[in-house]
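Report on the following structure.
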Amino acid sequence: MTTMEVCVTTRETIKPSSPTPPHLKTHKLSLLDQLSPNIYPPMLLFYPGDRACDATYMTLQIKTSLSKTLTHYDPFAGRLAGQAAVDCTDDGVEFLEAQADYRLSEILQRADLETLDRLYPSGVLWNESYEGSLVVVQLNSFACGGIALAICINHKMADAATACNFIRDWATAAAGGKATSPEFISAALGFPSDILAVPGIKFEGRVLTRRLLFNASKIAKLKAMVAGLGVDNPTRVEVVTALIYLRVMAAVGSTRPAVLTQPVNLRPRTAPPLPVNSAGNFVWFFPVPATNENEKNLVSLVSAMRKGMVDFVNKYVKDKSPKECYTIVCQSLKEAKEVLSKNDEIDVYICTSLCRYPFGQMDFGWGKPIWVGFSSSVAKNTFHLSDARGGGLEAWVTLEEKDMAVFERDEELLSLASLNPPLAYAKL
């Protein structure tokens, strides 16, 4: 199969349909916003061609509804003003239209990361120096009439929950519905007097990303195995996360202590909970340590995940208001810095789960996406999980090249997962 050519045909800026009120012209960033990396987490929504919907009309619908949605998300159409604020100047978001010389079925049959990366706006992926708009969109059209909507939102503006709400509200507006306005929470949480730099994701070295598919039957087998060894009702995310963590450690081959960090959405866990439409970054990480060889097994890791989550919620979140929770989390940064700065002594891994966020339900008026894809990454020792059809999970794993060479040949892993499989939508 030849390399796919993607030709950008149009570049424009989509501005809010109504100007930002004067009292909202400056949006201050919370500490968690400021600590978020200056990157644009990528997402691709794939839709088959809609014979009942003209392509020109679809494009106009996407752009018009984006303009309307930005009116409610004023900071998303602004520009960063240093580290601590956004100027909500209605500069708008970059919107590109592109033509790909493949059919959608060819993309999904291949589904390799090199091809997927070509569907994103040039220069945005994992570029901490990108100085464009805070949201960048590329609408890719295929020869068959199908489309892939590439959406990149600066992490300083949005965690996964906020990104999901923004895309949902945009899709609702496109489909003719009425979206719920967001509630930006940074002002309610307070602002830091100083910033504590916390080492975390490493963007260095030669890395490779691989996509794994765990189908529902293999996950059921894995859950039954863990349950049979004494863990009550293990979840699919728990067992798949533990398996990947275990096999990644084996591939790296280090005998040093390891820790897996996992983000927790704090919104539903405070007292009272924050509303689901709260916007900004409100997540923090809990650790899953594996300090010795006795802890590096599936049951121990699942148990450690559960204990880590319970301990985290009890210490930082339970029975605390959002502002109290935020204050305590900020105080914990020194602890986090002390742990994460010991990268020469501890192997640090990061896992993010996007499962149960309804990205696969985003209907702009022509049906739900047939697949939600992502991209390659440059952040080593990271992986994230997403929902797959039929109750399965996809895992996108990034390791150094030498470690990936071992990981992608791991027989235990490959007995439970498929490596970069084609997607079963070949008739599109």
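Following the order of the structure tokens, chains are lettered A, B, ..., residues in each are numbered from 1, and ligands are numbered from 1.
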For region 252-289 of chain A versus region 310-330 of chain A, which residues have an atom no more than 7 Å away, and what is each residue's nearest atom pair and distance in Å rounded to one decimal, using only C-alpha atoms, chain-then-number order, as a tab-separated table?
residue	atom	partner	partner_atom	distance
A:Arg269	CA	A:Val317	CA	6.3
A:Thr270	CA	A:Ser321	CA	5.5
A:Ala271	CA	A:Ser321	CA	4.9
A:Pro272	CA	A:Ser321	CA	6.2
A:Phe286	CA	A:Phe312	CA	6.1
*Would you list, as an MDAnalysis selection string, the residues of region 159-370 of chain A that end up in alpha helix (DSSP H) under DSSP run on this structure's backbone?*
chainID A and resid 160:174 186:189 216:228 236:252 298:312 322:331 333:340
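Residue nearest Pro22 (chain A), chosen from A:Phe383, A:Thr89, A:Cys355, A:Val259 and counting only C-alpha atoms: A:Thr89.
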*Apply DSSP to the structure's backbone, then extract all residues of region 180-333 of chain A labelled strand (DSSP E) and return them as a list in words.*
Glu183, Phe184, Val207, Leu208, Thr209, Arg210, Arg211, Leu212, Leu213, Phe214, Ala258, Val259, Leu260, Thr261, Gln262, Pro263, Val264, Asn265, Ser278, Ala279, Val283, Trp284, Phe285, Phe286, Pro287, Val288, Pro289 and Ala290 of chain A
Using C-alpha atoms, can you export the residues from the last selection as a short mmCIF file (atom, residue, chain, number, x, y, z; two decimals), in the first residue's frame?
data_model
loop_
_atom_site.label_atom_id
_atom_site.label_comp_id
_atom_site.auth_asym_id
_atom_site.auth_seq_id
_atom_site.Cartn_x
_atom_site.Cartn_y
_atom_site.Cartn_z
CA GLU A 183 -18.86 26.40 33.98
CA PHE A 184 -15.17 27.35 34.07
CA VAL A 207 10.22 6.03 20.90
CA LEU A 208 7.57 3.95 19.14
CA THR A 209 3.83 3.72 19.68
CA ARG A 210 1.80 0.56 19.12
CA ARG A 211 -1.96 0.00 19.19
CA LEU A 212 -3.34 -3.09 20.91
CA LEU A 213 -6.90 -4.41 20.76
CA PHE A 214 -8.28 -6.48 23.63
CA ALA A 258 8.48 1.09 39.54
CA VAL A 259 5.44 3.29 39.95
CA LEU A 260 2.46 3.69 37.66
CA THR A 261 0.63 7.00 37.95
CA GLN A 262 -3.01 7.25 36.95
CA PRO A 263 -5.12 10.42 36.72
CA VAL A 264 -8.39 10.68 38.63
CA ASN A 265 -11.25 12.97 37.63
CA SER A 278 -17.36 22.15 34.73
CA ALA A 279 -14.51 23.19 32.45
CA VAL A 283 -7.62 15.79 37.80
CA TRP A 284 -4.76 14.51 39.89
CA PHE A 285 -2.68 11.35 39.97
CA PHE A 286 -2.53 8.41 42.33
CA PRO A 287 0.44 6.01 42.41
CA VAL A 288 0.49 2.25 41.89
CA PRO A 289 3.89 1.12 43.19
CA ALA A 290 5.73 -2.09 42.37
#
*Name all residues at most 8 Å from region 139-153 of chain A (count only C-alpha atoms; drop same-chain ones fewer than 2 positions away) and give them as a ChimeraX atom specification.*
/A:40-50,55,95-104,119-121,124,134-137,155,157-158,163,428
Could the residues in this selection be written to a file with N, CA and C atoms, as a short mmCIF file (atom, residue, chain, number, x, y, z; two decimals), in the first residue's frame?
data_model
loop_
_atom_site.label_atom_id
_atom_site.label_comp_id
_atom_site.auth_asym_id
_atom_site.auth_seq_id
_atom_site.Cartn_x
_atom_site.Cartn_y
_atom_site.Cartn_z
N TYR A 40 -1.09 19.38 22.70
CA TYR A 40 -2.44 19.26 22.16
C TYR A 40 -2.80 17.78 22.03
N PRO A 41 -3.39 17.18 23.06
CA PRO A 41 -3.77 15.76 22.94
C PRO A 41 -4.63 15.54 21.71
N PRO A 42 -4.28 14.54 20.88
CA PRO A 42 -4.94 14.38 19.59
C PRO A 42 -6.12 13.41 19.62
N MET A 43 -7.08 13.65 18.73
CA MET A 43 -8.21 12.73 18.59
C MET A 43 -8.74 12.79 17.16
N LEU A 44 -9.11 11.63 16.64
CA LEU A 44 -9.70 11.52 15.30
C LEU A 44 -11.07 10.85 15.40
N LEU A 45 -12.09 11.51 14.86
CA LEU A 45 -13.43 10.93 14.78
C LEU A 45 -13.71 10.59 13.32
N PHE A 46 -13.95 9.31 13.04
CA PHE A 46 -14.17 8.83 11.67
C PHE A 46 -15.65 8.62 11.42
N TYR A 47 -16.13 9.18 10.29
CA TYR A 47 -17.54 9.05 9.91
C TYR A 47 -17.63 8.58 8.46
N PRO A 48 -18.52 7.62 8.17
CA PRO A 48 -18.72 7.21 6.77
C PRO A 48 -19.43 8.30 6.00
N GLY A 49 -19.37 8.22 4.69
CA GLY A 49 -20.07 9.17 3.86
C GLY A 49 -21.57 9.08 4.04
N ASP A 50 -22.25 10.22 4.13
CA ASP A 50 -23.70 10.27 4.29
C ASP A 50 -24.31 10.69 2.96
N ALA A 55 -21.72 17.11 0.95
CA ALA A 55 -20.43 17.33 1.60
C ALA A 55 -20.21 18.81 1.92
N PHE A 95 -8.78 26.28 11.46
CA PHE A 95 -9.62 25.23 10.86
C PHE A 95 -9.09 24.94 9.46
N LEU A 96 -8.66 23.71 9.24
CA LEU A 96 -8.11 23.31 7.95
C LEU A 96 -9.02 22.28 7.31
N GLU A 97 -9.14 22.36 6.01
CA GLU A 97 -9.82 21.32 5.23
C GLU A 97 -8.79 20.61 4.36
N ALA A 98 -8.88 19.30 4.27
CA ALA A 98 -7.88 18.52 3.54
C ALA A 98 -8.55 17.39 2.78
N GLN A 99 -7.93 17.00 1.69
CA GLN A 99 -8.37 15.87 0.88
C GLN A 99 -7.34 14.76 0.96
N ALA A 100 -7.80 13.54 1.24
CA ALA A 100 -6.92 12.37 1.26
C ALA A 100 -7.25 11.48 0.06
N ASP A 101 -6.22 10.88 -0.52
CA ASP A 101 -6.45 10.10 -1.74
C ASP A 101 -6.77 8.63 -1.46
N TYR A 102 -7.18 8.30 -0.23
CA TYR A 102 -7.60 6.96 0.14
C TYR A 102 -9.11 6.94 0.36
N ARG A 103 -9.65 5.75 0.32
CA ARG A 103 -11.01 5.53 0.79
C ARG A 103 -10.95 5.30 2.31
N LEU A 104 -12.04 5.58 2.98
CA LEU A 104 -12.08 5.38 4.42
C LEU A 104 -11.84 3.92 4.78
N LEU A 119 -3.26 12.72 9.20
CA LEU A 119 -4.59 13.34 9.20
C LEU A 119 -4.70 14.49 10.18
N TYR A 120 -3.60 14.81 10.88
CA TYR A 120 -3.59 15.91 11.83
C TYR A 120 -2.96 17.16 11.22
N PRO A 121 -3.30 18.33 11.75
CA PRO A 121 -2.67 19.57 11.26
C PRO A 121 -1.16 19.51 11.45
N VAL A 124 1.43 20.36 14.89
CA VAL A 124 0.70 20.46 16.15
C VAL A 124 1.01 19.28 17.08
N LEU A 134 -5.58 27.80 20.45
CA LEU A 134 -5.66 26.83 21.54
C LEU A 134 -6.48 25.60 21.16
N VAL A 135 -7.23 25.69 20.09
CA VAL A 135 -7.89 24.55 19.47
C VAL A 135 -7.53 24.57 18.00
N VAL A 136 -7.15 23.42 17.46
CA VAL A 136 -6.83 23.31 16.04
C VAL A 136 -7.61 22.12 15.48
N VAL A 137 -8.29 22.34 14.35
CA VAL A 137 -9.15 21.31 13.76
C VAL A 137 -8.76 21.10 12.31
N HIS A 155 -3.78 21.26 26.26
CA HIS A 155 -4.05 20.61 27.54
C HIS A 155 -4.20 21.63 28.68
N MET A 157 -6.04 24.07 28.61
CA MET A 157 -7.44 24.48 28.60
C MET A 157 -8.37 23.36 29.01
N ALA A 158 -7.96 22.12 28.84
CA ALA A 158 -8.94 21.05 28.98
C ALA A 158 -8.29 19.74 29.40
N ALA A 163 -12.60 18.28 27.39
CA ALA A 163 -12.54 18.05 25.95
C ALA A 163 -13.78 17.31 25.47
N LEU A 428 -16.92 0.11 3.73
CA LEU A 428 -17.28 1.52 3.68
C LEU A 428 -16.75 2.19 2.42
#
*Nearest candidate to Trp396 (chain A) (options A:Leu125, A:Leu113, A:Met309, A:Ala216; using only C-alpha atoms)*: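 Comparing A:Leu125, A:Leu113, A:Met309, A:Ala216 against Trp396 (chain A), the winner is A:Leu113.
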*Would you kindly return, as a VMD selection string, each protein, DNA or RNA residue with an atom no farther than 9 Å from any atom of Met58 (chain A), considering only C-alpha atoms and excluding same-chain residues fewer than 3 positions away?*
chain A and resid 53 to 55 61 to 63 364 to 366
*With a distance cut-off of 6 Å and only C-alpha atoms, select the neighbouring residues of Ile39 (chain A), excluding the residue or stretch itself and same-chain residues fewer than 4 positions from it, and output the selection as a list in words.*
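Counting only the stated atoms, we get Trp126, Glu128, Asn154 and His155 of chain A.
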Residue subset to file, keeping N, CA, C and O atoms, as a PDB file, in the first residue's frame:
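Written file, part-v1.pdb:
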ATOM      1  N   TRP A 126       2.236  16.923  19.575  1.00  0.00           N
ATOM      2  CA  TRP A 126       3.283  16.819  20.586  1.00  0.00           C
ATOM      3  C   TRP A 126       4.332  17.919  20.478  1.00  0.00           C
ATOM      4  O   TRP A 126       5.475  17.728  20.852  1.00  0.00           O
ATOM      5  N   GLU A 128       5.497  21.195  21.916  1.00  0.00           N
ATOM      6  CA  GLU A 128       5.344  22.103  23.059  1.00  0.00           C
ATOM      7  C   GLU A 128       5.603  23.555  22.684  1.00  0.00           C
ATOM      8  O   GLU A 128       5.294  24.456  23.470  1.00  0.00           O
ATOM      9  N   ASN A 154      -5.466  22.366  23.385  1.00  0.00           N
ATOM     10  CA  ASN A 154      -4.345  22.572  24.288  1.00  0.00           C
ATOM     11  C   ASN A 154      -4.687  22.067  25.684  1.00  0.00           C
ATOM     12  O   ASN A 154      -5.743  22.388  26.242  1.00  0.00           O
ATOM     13  N   HIS A 155      -3.777  21.260  26.257  1.00  0.00           N
ATOM     14  CA  HIS A 155      -4.045  20.613  27.540  1.00  0.00           C
ATOM     15  C   HIS A 155      -4.200  21.633  28.676  1.00  0.00           C
ATOM     16  O   HIS A 155      -4.835  21.347  29.693  1.00  0.00           O
TER      17      HIS A 155
END
*Figure out the distance between CA of Ala242 (chain A) and CA of Ala304 (chain A), please, to one decimal in Å.*
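A separation of 9.5 Å between them.
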_Quick one: residues within 7 Å of Asn297 (chain A), only C-alpha atoms, excluding same-chain residues fewer than 3 positions away - as a VMD selection string?_
chain A and resid 246 300 to 301
May I have the selected residues written with all heavy atoms, as a PDB file, in the first residue's frame?
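That gives us again37.pdb:
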ATOM      1  N   LEU A 246       2.489  -4.733  33.739  1.00  0.00           N
ATOM      2  CA  LEU A 246       3.344  -5.885  34.024  1.00  0.00           C
ATOM      3  C   LEU A 246       4.241  -6.215  32.843  1.00  0.00           C
ATOM      4  O   LEU A 246       5.457  -6.418  32.992  1.00  0.00           O
ATOM      5  CB  LEU A 246       2.459  -7.084  34.374  1.00  0.00           C
ATOM      6  CG  LEU A 246       3.162  -8.371  34.813  1.00  0.00           C
ATOM      7  CD1 LEU A 246       3.911  -8.145  36.115  1.00  0.00           C
ATOM      8  CD2 LEU A 246       2.133  -9.490  34.980  1.00  0.00           C
ATOM      9  N   SER A 300      -1.390  -8.744  42.409  1.00  0.00           N
ATOM     10  CA  SER A 300      -0.838  -7.697  43.268  1.00  0.00           C
ATOM     11  C   SER A 300      -1.033  -6.313  42.661  1.00  0.00           C
ATOM     12  O   SER A 300      -1.335  -5.346  43.374  1.00  0.00           O
ATOM     13  CB  SER A 300       0.653  -7.953  43.512  1.00  0.00           C
ATOM     14  OG  SER A 300       0.853  -9.123  44.269  1.00  0.00           O
ATOM     15  N   LEU A 301      -0.891  -6.207  41.349  1.00  0.00           N
ATOM     16  CA  LEU A 301      -1.024  -4.904  40.711  1.00  0.00           C
ATOM     17  C   LEU A 301      -2.471  -4.431  40.707  1.00  0.00           C
ATOM     18  O   LEU A 301      -2.746  -3.243  40.934  1.00  0.00           O
ATOM     19  CB  LEU A 301      -0.468  -4.961  39.289  1.00  0.00           C
ATOM     20  CG  LEU A 301       1.048  -5.166  39.189  1.00  0.00           C
ATOM     21  CD1 LEU A 301       1.469  -5.235  37.729  1.00  0.00           C
ATOM     22  CD2 LEU A 301       1.803  -4.061  39.913  1.00  0.00           C
TER      23      LEU A 301
END
*Which one is closest to Val226 (chain A): A:Glu394, A:Lys178, A:Ser303, A:Pro37? Count only C-alpha atoms.*
A:Ser303
